[in-house]
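Source file structure-v5.cif; content: mmCIF, N, CA and C atoms.
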data_final
loop_
_atom_site.group_PDB
_atom_site.id
_atom_site.type_symbol
_atom_site.label_atom_id
_atom_site.label_comp_id
_atom_site.auth_asym_id
_atom_site.auth_seq_id
_atom_site.Cartn_x
_atom_site.Cartn_y
_atom_site.Cartn_z
ATOM 1 N N MET A 1 -30.057 23.875 40.048
ATOM 2 C CA MET A 1 -30.290 23.580 38.645
ATOM 3 C C MET A 1 -29.558 24.565 37.758
ATOM 4 N N LYS A 2 -29.583 25.858 38.165
ATOM 5 C CA LYS A 2 -28.895 26.878 37.375
ATOM 6 C C LYS A 2 -27.396 26.595 37.335
ATOM 7 N N GLU A 3 -26.872 26.145 38.470
ATOM 8 C CA GLU A 3 -25.442 25.852 38.552
ATOM 9 C C GLU A 3 -25.065 24.717 37.604
ATOM 10 N N LYS A 4 -25.893 23.705 37.522
ATOM 11 C CA LYS A 4 -25.646 22.567 36.640
ATOM 12 C C LYS A 4 -25.662 23.009 35.176
ATOM 13 N N ASN A 5 -26.627 23.845 34.806
ATOM 14 C CA ASN A 5 -26.704 24.350 33.433
ATOM 15 C C ASN A 5 -25.505 25.211 33.085
ATOM 16 N N SER A 6 -25.037 26.026 34.015
ATOM 17 C CA SER A 6 -23.884 26.886 33.725
ATOM 18 C C SER A 6 -22.623 26.046 33.544
ATOM 19 N N ARG A 7 -22.486 24.949 34.300
ATOM 20 C CA ARG A 7 -21.336 24.063 34.109
ATOM 21 C C ARG A 7 -21.380 23.400 32.737
ATOM 22 N N ASN A 8 -22.550 22.961 32.327
ATOM 23 C CA ASN A 8 -22.698 22.360 31.000
ATOM 24 C C ASN A 8 -22.377 23.360 29.903
ATOM 25 N N GLU A 9 -22.795 24.599 30.077
ATOM 26 C CA GLU A 9 -22.507 25.642 29.089
ATOM 27 C C GLU A 9 -21.016 25.917 29.017
ATOM 28 N N GLU A 10 -20.335 25.921 30.173
ATOM 29 C CA GLU A 10 -18.892 26.144 30.200
ATOM 30 C C GLU A 10 -18.161 25.010 29.482
ATOM 31 N N ARG A 11 -18.562 23.773 29.763
ATOM 32 C CA ARG A 11 -17.950 22.629 29.094
ATOM 33 C C ARG A 11 -18.179 22.690 27.592
ATOM 34 N N SER A 12 -19.378 23.028 27.205
ATOM 35 C CA SER A 12 -19.716 23.121 25.789
ATOM 36 C C SER A 12 -18.897 24.215 25.113
ATOM 37 N N ALA A 13 -18.735 25.348 25.773
ATOM 38 C CA ALA A 13 -17.955 26.454 25.207
ATOM 39 C C ALA A 13 -16.493 26.065 25.065
ATOM 40 N N SER A 14 -15.926 25.387 26.068
ATOM 41 C CA SER A 14 -14.514 24.990 25.975
ATOM 42 C C SER A 14 -14.313 23.928 24.904
ATOM 43 N N THR A 15 -15.280 23.035 24.745
ATOM 44 C CA THR A 15 -15.209 22.022 23.693
ATOM 45 C C THR A 15 -15.265 22.669 22.317
ATOM 46 N N ASN A 16 -16.137 23.639 22.138
ATOM 47 C CA ASN A 16 -16.246 24.348 20.860
ATOM 48 C C ASN A 16 -14.968 25.105 20.536
ATOM 49 N N GLU A 17 -14.336 25.724 21.544
ATOM 50 C CA GLU A 17 -13.084 26.444 21.322
ATOM 51 C C GLU A 17 -11.985 25.484 20.885
ATOM 52 N N ALA A 18 -11.874 24.339 21.551
ATOM 53 C CA ALA A 18 -10.836 23.359 21.202
ATOM 54 C C ALA A 18 -11.053 22.816 19.807
ATOM 55 N N SER A 19 -12.300 22.516 19.454
ATOM 56 C CA SER A 19 -12.550 21.964 18.126
ATOM 57 C C SER A 19 -12.362 23.014 17.043
ATOM 58 N N ALA A 20 -12.572 24.273 17.362
ATOM 59 C CA ALA A 20 -12.361 25.330 16.383
ATOM 60 C C ALA A 20 -10.875 25.520 16.093
ATOM 61 N N GLN A 21 -10.015 25.205 17.051
ATOM 62 C CA GLN A 21 -8.583 25.387 16.892
ATOM 63 C C GLN A 21 -7.931 24.226 16.141
ATOM 64 N N GLU A 22 -8.457 23.030 16.277
ATOM 65 C CA GLU A 22 -7.871 21.858 15.638
ATOM 66 C C GLU A 22 -8.580 21.565 14.326
ATOM 67 N N TYR A 23 -7.791 21.324 13.293
ATOM 68 C CA TYR A 23 -8.357 20.968 11.998
ATOM 69 C C TYR A 23 -8.450 19.460 11.922
ATOM 70 N N MET A 24 -9.608 18.973 11.607
ATOM 71 C CA MET A 24 -9.807 17.545 11.423
ATOM 72 C C MET A 24 -10.027 17.287 9.939
ATOM 73 N N PRO A 25 -9.082 16.597 9.299
ATOM 74 C CA PRO A 25 -9.265 16.306 7.872
ATOM 75 C C PRO A 25 -10.446 15.370 7.672
ATOM 76 N N PRO A 26 -10.988 15.343 6.475
ATOM 77 C CA PRO A 26 -12.118 14.442 6.235
ATOM 78 C C PRO A 26 -11.699 12.987 6.432
ATOM 79 N N LEU A 27 -12.618 12.199 6.881
ATOM 80 C CA LEU A 27 -12.343 10.794 7.127
ATOM 81 C C LEU A 27 -12.600 10.014 5.845
ATOM 82 N N ASP A 28 -11.507 9.568 5.231
ATOM 83 C CA ASP A 28 -11.613 8.788 4.009
ATOM 84 C C ASP A 28 -10.481 7.765 3.981
ATOM 85 N N PHE A 29 -10.360 7.034 2.902
ATOM 86 C CA PHE A 29 -9.378 5.956 2.808
ATOM 87 C C PHE A 29 -7.946 6.473 2.965
ATOM 88 N N SER A 30 -7.673 7.658 2.448
ATOM 89 C CA SER A 30 -6.320 8.201 2.561
ATOM 90 C C SER A 30 -5.933 8.479 4.015
ATOM 91 N N SER A 31 -6.908 8.637 4.891
ATOM 92 C CA SER A 31 -6.629 8.837 6.317
ATOM 93 C C SER A 31 -5.986 7.603 6.940
ATOM 94 N N ILE A 32 -6.195 6.465 6.332
ATOM 95 C CA ILE A 32 -5.570 5.229 6.806
ATOM 96 C C ILE A 32 -4.182 5.077 6.193
ATOM 97 N N ILE A 33 -4.060 5.419 4.914
ATOM 98 C CA ILE A 33 -2.821 5.200 4.170
ATOM 99 C C ILE A 33 -1.728 6.205 4.546
ATOM 100 N N LEU A 34 -2.079 7.483 4.601
ATOM 101 C CA LEU A 34 -1.070 8.532 4.776
ATOM 102 C C LEU A 34 -0.200 8.405 6.025
ATOM 103 N N PRO A 35 -0.741 8.074 7.194
ATOM 104 C CA PRO A 35 0.157 7.922 8.350
ATOM 105 C C PRO A 35 1.184 6.806 8.167
ATOM 106 N N ILE A 36 0.788 5.706 7.584
ATOM 107 C CA ILE A 36 1.718 4.593 7.358
ATOM 108 C C ILE A 36 2.744 4.986 6.301
ATOM 109 N N TYR A 37 2.277 5.630 5.236
ATOM 110 C CA TYR A 37 3.151 6.099 4.159
ATOM 111 C C TYR A 37 4.192 7.084 4.703
ATOM 112 N N THR A 38 3.742 8.023 5.522
ATOM 113 C CA THR A 38 4.647 9.031 6.081
ATOM 114 C C THR A 38 5.684 8.390 6.993
ATOM 115 N N GLN A 39 5.262 7.439 7.811
ATOM 116 C CA GLN A 39 6.213 6.744 8.679
ATOM 117 C C GLN A 39 7.246 5.970 7.863
ATOM 118 N N ALA A 40 6.810 5.370 6.772
ATOM 119 C CA ALA A 40 7.750 4.648 5.908
ATOM 120 C C ALA A 40 8.762 5.617 5.299
ATOM 121 N N LEU A 41 8.308 6.793 4.881
ATOM 122 C CA LEU A 41 9.240 7.797 4.345
ATOM 123 C C LEU A 41 10.253 8.228 5.398
ATOM 124 N N LEU A 42 9.797 8.376 6.625
ATOM 125 C CA LEU A 42 10.712 8.727 7.724
ATOM 126 C C LEU A 42 11.759 7.641 7.921
ATOM 127 N N LYS A 43 11.329 6.394 7.936
ATOM 128 C CA LYS A 43 12.249 5.282 8.182
ATOM 129 C C LYS A 43 13.164 5.011 6.996
ATOM 130 N N LEU A 44 12.777 5.471 5.821
ATOM 131 C CA LEU A 44 13.660 5.376 4.654
ATOM 132 C C LEU A 44 14.657 6.538 4.603
ATOM 133 N N GLY A 45 14.528 7.464 5.542
ATOM 134 C CA GLY A 45 15.431 8.611 5.586
ATOM 135 C C GLY A 45 15.097 9.666 4.552
ATOM 136 N N LEU A 46 13.892 9.636 4.035
ATOM 137 C CA LEU A 46 13.498 10.600 3.007
ATOM 138 C C LEU A 46 12.853 11.846 3.596
ATOM 139 N N LEU A 47 12.379 11.735 4.809
ATOM 140 C CA LEU A 47 11.826 12.868 5.546
ATOM 141 C C LEU A 47 12.592 12.995 6.842
ATOM 142 N N GLY A 48 12.758 14.216 7.292
ATOM 143 C CA GLY A 48 13.420 14.426 8.562
ATOM 144 C C GLY A 48 12.421 14.445 9.700
ATOM 145 N N ASP A 49 12.829 13.912 10.826
ATOM 146 C CA ASP A 49 12.005 13.964 12.027
ATOM 147 C C ASP A 49 12.165 15.353 12.624
ATOM 148 N N PRO A 50 11.074 16.084 12.836
ATOM 149 C CA PRO A 50 11.194 17.443 13.355
ATOM 150 C C PRO A 50 11.840 17.517 14.729
ATOM 151 N N GLU A 51 11.812 16.433 15.488
ATOM 152 C CA GLU A 51 12.396 16.428 16.823
ATOM 153 C C GLU A 51 13.873 16.051 16.820
ATOM 154 N N LYS A 52 14.369 15.547 15.716
ATOM 155 C CA LYS A 52 15.768 15.124 15.648
ATOM 156 C C LYS A 52 16.453 15.837 14.502
ATOM 157 N N ALA A 53 17.716 16.124 14.684
ATOM 158 C CA ALA A 53 18.466 16.853 13.660
ATOM 159 C C ALA A 53 18.780 15.965 12.458
ATOM 160 N N GLN A 54 18.998 14.693 12.708
ATOM 161 C CA GLN A 54 19.378 13.773 11.646
ATOM 162 C C GLN A 54 18.189 13.006 11.109
ATOM 163 N N LYS A 55 18.299 12.615 9.856
ATOM 164 C CA LYS A 55 17.301 11.721 9.284
ATOM 165 C C LYS A 55 17.640 10.310 9.727
ATOM 166 N N GLN A 56 16.607 9.519 9.981
ATOM 167 C CA GLN A 56 16.816 8.152 10.437
ATOM 168 C C GLN A 56 16.644 7.186 9.284
ATOM 169 N N LEU A 57 17.445 6.160 9.287
ATOM 170 C CA LEU A 57 17.319 5.103 8.299
ATOM 171 C C LEU A 57 17.135 3.783 9.046
ATOM 172 N N ASN A 58 15.980 3.172 8.852
ATOM 173 C CA ASN A 58 15.674 1.894 9.476
ATOM 174 C C ASN A 58 14.962 1.065 8.412
ATOM 175 N N LEU A 59 15.760 0.357 7.619
ATOM 176 C CA LEU A 59 15.206 -0.391 6.494
ATOM 177 C C LEU A 59 14.273 -1.520 6.925
ATOM 178 N N GLY A 60 14.555 -2.132 8.069
ATOM 179 C CA GLY A 60 13.693 -3.204 8.555
ATOM 180 C C GLY A 60 12.282 -2.707 8.861
ATOM 181 N N LEU A 61 12.203 -1.576 9.562
ATOM 182 C CA LEU A 61 10.899 -1.019 9.888
ATOM 183 C C LEU A 61 10.219 -0.457 8.644
ATOM 184 N N ALA A 62 11.008 0.141 7.759
ATOM 185 C CA ALA A 62 10.439 0.647 6.500
ATOM 186 C C ALA A 62 9.822 -0.501 5.711
ATOM 187 N N ARG A 63 10.526 -1.613 5.651
ATOM 188 C CA ARG A 63 10.014 -2.779 4.935
ATOM 189 C C ARG A 63 8.713 -3.294 5.562
ATOM 190 N N ARG A 64 8.666 -3.298 6.889
ATOM 191 C CA ARG A 64 7.456 -3.744 7.589
ATOM 192 C C ARG A 64 6.269 -2.835 7.261
ATOM 193 N N LEU A 65 6.496 -1.516 7.234
ATOM 194 C CA LEU A 65 5.422 -0.571 6.913
ATOM 195 C C LEU A 65 4.946 -0.741 5.470
ATOM 196 N N ILE A 66 5.889 -0.989 4.563
ATOM 197 C CA ILE A 66 5.533 -1.240 3.160
ATOM 198 C C ILE A 66 4.715 -2.533 3.068
ATOM 199 N N ASP A 67 5.122 -3.538 3.821
ATOM 200 C CA ASP A 67 4.382 -4.809 3.833
ATOM 201 C C ASP A 67 2.970 -4.630 4.389
ATOM 202 N N ILE A 68 2.817 -3.769 5.383
ATOM 203 C CA ILE A 68 1.488 -3.493 5.940
ATOM 204 C C ILE A 68 0.587 -2.878 4.881
ATOM 205 N N LEU A 69 1.132 -1.932 4.118
ATOM 206 C CA LEU A 69 0.344 -1.333 3.036
ATOM 207 C C LEU A 69 0.016 -2.378 1.974
ATOM 208 N N GLY A 70 0.961 -3.265 1.682
ATOM 209 C CA GLY A 70 0.705 -4.340 0.729
ATOM 210 C C GLY A 70 -0.384 -5.277 1.222
ATOM 211 N N LEU A 71 -0.360 -5.589 2.508
ATOM 212 C CA LEU A 71 -1.393 -6.422 3.108
ATOM 213 C C LEU A 71 -2.756 -5.734 3.025
ATOM 214 N N LEU A 72 -2.767 -4.455 3.303
ATOM 215 C CA LEU A 72 -4.008 -3.686 3.207
ATOM 216 C C LEU A 72 -4.545 -3.702 1.779
ATOM 217 N N LYS A 73 -3.641 -3.612 0.802
ATOM 218 C CA LYS A 73 -4.067 -3.679 -0.599
ATOM 219 C C LYS A 73 -4.701 -5.035 -0.901
ATOM 220 N N ASP A 74 -4.053 -6.108 -0.446
ATOM 221 C CA ASP A 74 -4.582 -7.456 -0.696
ATOM 222 C C ASP A 74 -5.948 -7.664 -0.034
ATOM 223 N N ARG A 75 -6.091 -7.175 1.184
ATOM 224 C CA ARG A 75 -7.322 -7.413 1.947
ATOM 225 C C ARG A 75 -8.485 -6.541 1.482
ATOM 226 N N THR A 76 -8.177 -5.441 0.773
ATOM 227 C CA THR A 76 -9.254 -4.559 0.311
ATOM 228 C C THR A 76 -9.524 -4.718 -1.181
ATOM 229 N N LYS A 77 -8.864 -5.696 -1.800
ATOM 230 C CA LYS A 77 -9.023 -5.896 -3.239
ATOM 231 C C LYS A 77 -10.498 -6.097 -3.596
ATOM 232 N N GLY A 78 -10.958 -5.325 -4.569
ATOM 233 C CA GLY A 78 -12.338 -5.403 -5.008
ATOM 234 C C GLY A 78 -13.302 -4.546 -4.204
ATOM 235 N N ASN A 79 -12.814 -3.929 -3.133
ATOM 236 C CA ASN A 79 -13.676 -3.113 -2.279
ATOM 237 C C ASN A 79 -13.324 -1.627 -2.308
ATOM 238 N N LEU A 80 -12.350 -1.256 -3.111
ATOM 239 C CA LEU A 80 -11.919 0.145 -3.167
ATOM 240 C C LEU A 80 -12.498 0.846 -4.391
ATOM 241 N N GLN A 81 -12.668 2.148 -4.251
ATOM 242 C CA GLN A 81 -13.027 2.974 -5.401
ATOM 243 C C GLN A 81 -11.787 3.054 -6.298
ATOM 244 N N PRO A 82 -11.949 3.312 -7.599
ATOM 245 C CA PRO A 82 -10.790 3.386 -8.492
ATOM 246 C C PRO A 82 -9.736 4.400 -8.046
ATOM 247 N N ASP A 83 -10.158 5.564 -7.549
ATOM 248 C CA ASP A 83 -9.180 6.555 -7.109
ATOM 249 C C ASP A 83 -8.460 6.113 -5.833
ATOM 250 N N GLU A 84 -9.133 5.380 -4.960
ATOM 251 C CA GLU A 84 -8.495 4.863 -3.749
ATOM 252 C C GLU A 84 -7.456 3.807 -4.105
ATOM 253 N N GLU A 85 -7.825 2.941 -5.038
ATOM 254 C CA GLU A 85 -6.896 1.896 -5.473
ATOM 255 C C GLU A 85 -5.663 2.504 -6.144
ATOM 256 N N LYS A 86 -5.881 3.511 -6.963
ATOM 257 C CA LYS A 86 -4.772 4.189 -7.641
ATOM 258 C C LYS A 86 -3.864 4.875 -6.627
ATOM 259 N N PHE A 87 -4.452 5.501 -5.611
ATOM 260 C CA PHE A 87 -3.676 6.171 -4.569
ATOM 261 C C PHE A 87 -2.804 5.166 -3.813
ATOM 262 N N LEU A 88 -3.389 4.052 -3.400
ATOM 263 C CA LEU A 88 -2.637 3.027 -2.676
ATOM 264 C C LEU A 88 -1.531 2.437 -3.547
ATOM 265 N N ASP A 89 -1.842 2.154 -4.808
ATOM 266 C CA ASP A 89 -0.832 1.623 -5.730
ATOM 267 C C ASP A 89 0.331 2.596 -5.899
ATOM 268 N N SER A 90 0.007 3.882 -6.016
ATOM 269 C CA SER A 90 1.040 4.901 -6.191
ATOM 270 C C SER A 90 1.944 4.982 -4.959
ATOM 271 N N CYS A 91 1.332 4.973 -3.783
ATOM 272 C CA CYS A 91 2.122 5.011 -2.545
ATOM 273 C C CYS A 91 3.038 3.798 -2.451
ATOM 274 N N LEU A 92 2.495 2.632 -2.731
ATOM 275 C CA LEU A 92 3.297 1.410 -2.670
ATOM 276 C C LEU A 92 4.440 1.427 -3.683
ATOM 277 N N GLN A 93 4.155 1.864 -4.896
ATOM 278 C CA GLN A 93 5.185 1.907 -5.928
ATOM 279 C C GLN A 93 6.322 2.845 -5.526
ATOM 280 N N GLN A 94 5.983 4.021 -5.019
ATOM 281 C CA GLN A 94 7.014 4.970 -4.598
ATOM 282 C C GLN A 94 7.844 4.415 -3.451
ATOM 283 N N LEU A 95 7.186 3.842 -2.456
ATOM 284 C CA LEU A 95 7.909 3.315 -1.304
ATOM 285 C C LEU A 95 8.805 2.146 -1.689
ATOM 286 N N ARG A 96 8.311 1.276 -2.542
ATOM 287 C CA ARG A 96 9.118 0.128 -2.960
ATOM 288 C C ARG A 96 10.351 0.568 -3.744
ATOM 289 N N LEU A 97 10.186 1.537 -4.603
ATOM 290 C CA LEU A 97 11.320 2.062 -5.369
ATOM 291 C C LEU A 97 12.364 2.683 -4.441
ATOM 292 N N HIS A 98 11.916 3.499 -3.501
ATOM 293 C CA HIS A 98 12.846 4.126 -2.558
ATOM 294 C C HIS A 98 13.523 3.086 -1.675
ATOM 295 N N TYR A 99 12.782 2.058 -1.295
ATOM 296 C CA TYR A 99 13.369 0.997 -0.480
ATOM 297 C C TYR A 99 14.495 0.295 -1.243
ATOM 298 N N LEU A 100 14.224 -0.041 -2.494
ATOM 299 C CA LEU A 100 15.246 -0.717 -3.302
ATOM 300 C C LEU A 100 16.476 0.166 -3.493
ATOM 301 N N GLU A 101 16.265 1.472 -3.662
ATOM 302 C CA GLU A 101 17.399 2.391 -3.793
ATOM 303 C C GLU A 101 18.208 2.436 -2.507
ATOM 304 N N LYS A 102 17.524 2.562 -1.372
ATOM 305 C CA LYS A 102 18.221 2.665 -0.078
ATOM 306 C C LYS A 102 18.917 1.364 0.295
ATOM 307 N N ALA A 103 18.341 0.242 -0.093
ATOM 308 C CA ALA A 103 18.952 -1.059 0.203
ATOM 309 C C ALA A 103 20.045 -1.384 -0.818
ATOM 310 N N LYS A 104 20.259 -0.478 -1.738
ATOM 311 C CA LYS A 104 21.284 -0.593 -2.786
ATOM 312 C C LYS A 104 21.074 -1.825 -3.666
ATOM 313 N N ILE A 105 19.808 -2.169 -3.835
ATOM 314 C CA ILE A 105 19.458 -3.270 -4.730
ATOM 315 C C ILE A 105 19.412 -2.773 -6.160
ATOM 316 N N ILE A 106 18.998 -1.526 -6.325
ATOM 317 C CA ILE A 106 19.016 -0.883 -7.640
ATOM 318 C C ILE A 106 19.669 0.488 -7.484
ATOM 319 N N SER A 107 20.126 1.034 -8.567
ATOM 320 C CA SER A 107 20.666 2.410 -8.535
ATOM 321 C C SER A 107 19.964 3.219 -9.617
ATOM 322 N N VAL A 108 19.672 4.434 -9.237
ATOM 323 C CA VAL A 108 18.966 5.309 -10.162
ATOM 324 C C VAL A 108 19.859 6.472 -10.520
#

In structure tokens, how does this file's structure come out?
Amino acid sequence: MKEKNSRNEERSASTNEASAQEYMPPLDFSSIILPIYTQALLKLGLLGDPEKAQKQLNLGLARRLIDILGLLKDRTKGNLQPDEEKFLDSCLQQLRLHYLEKAKIISV
């Protein structure tokens, strides 16, 4: 019995150490938006991939990620807090503008 308790204590201690080292941001609506937004920025060539020396430009994938955020906006209409809606609108507006610039549809 003592052996079983000591194993549980060891597991608990290692779990506490791992969780103390990793920061977990609060779980909110932006936790869903930010990863998609960041990936779209990467595919628009606006952010560099830390593993690659060059910035990547993939307008097709960027467009798909923007469309996913647009779909999320449509499906959550009326269910978001005002600040969440404003955040999503702002992300979409920025991404759409950058997409149009990169696709050379508009020039700024």

Next item on the list: Run the PyMOL selection byres (((chain A and resi 38-54 and name CA) around 12) and name CA) on the file and write out the hits as a ChimeraX atom specification.
Entry: /A:30-37,55-69,91-92,94-103

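Summary of the local environment: counting only C-alpha atoms, residues at most 10 Å from Phe29 in chain A, other than itself and those fewer than 6 positions away along its chain, are A:Leu80, A:Gln81, A:Asp83, A:Glu84, A:Glu85, A:Phe87, A:Leu88.
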
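One distance worth recording is that between CA of Gln93 in chain A and atom C of Gly70 in chain A, which is 11.6 Å.
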
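Coordinates place CA of Ser90 in chain A at a distance of 13.7 Å from atom N of Leu71 in chain A.
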
Note to self: Please extract the residues of range 25-107 of chain A with a backbone DSSP assignment of helix (DSSP H, G or I) and present them as a PyMOL selection string.
What the structure shows: chain A and resi 30-43+59-75+82-102

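Separating atom C of Asp89 in chain A from atom C of Lys73 in chain A is a distance of 10.4 Å.
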
Box time for range 57-62 of chain A: axis-aligned, enclosing all its listed atoms, 4 Å extra on each side; report centre and edge lengths in Å to one decimal, as JSON.
{"center_x": 13.6, "center_y": 1.5, "center_z": 7.8, "size_x": 15.6, "size_y": 17.4, "size_z": 12.2}
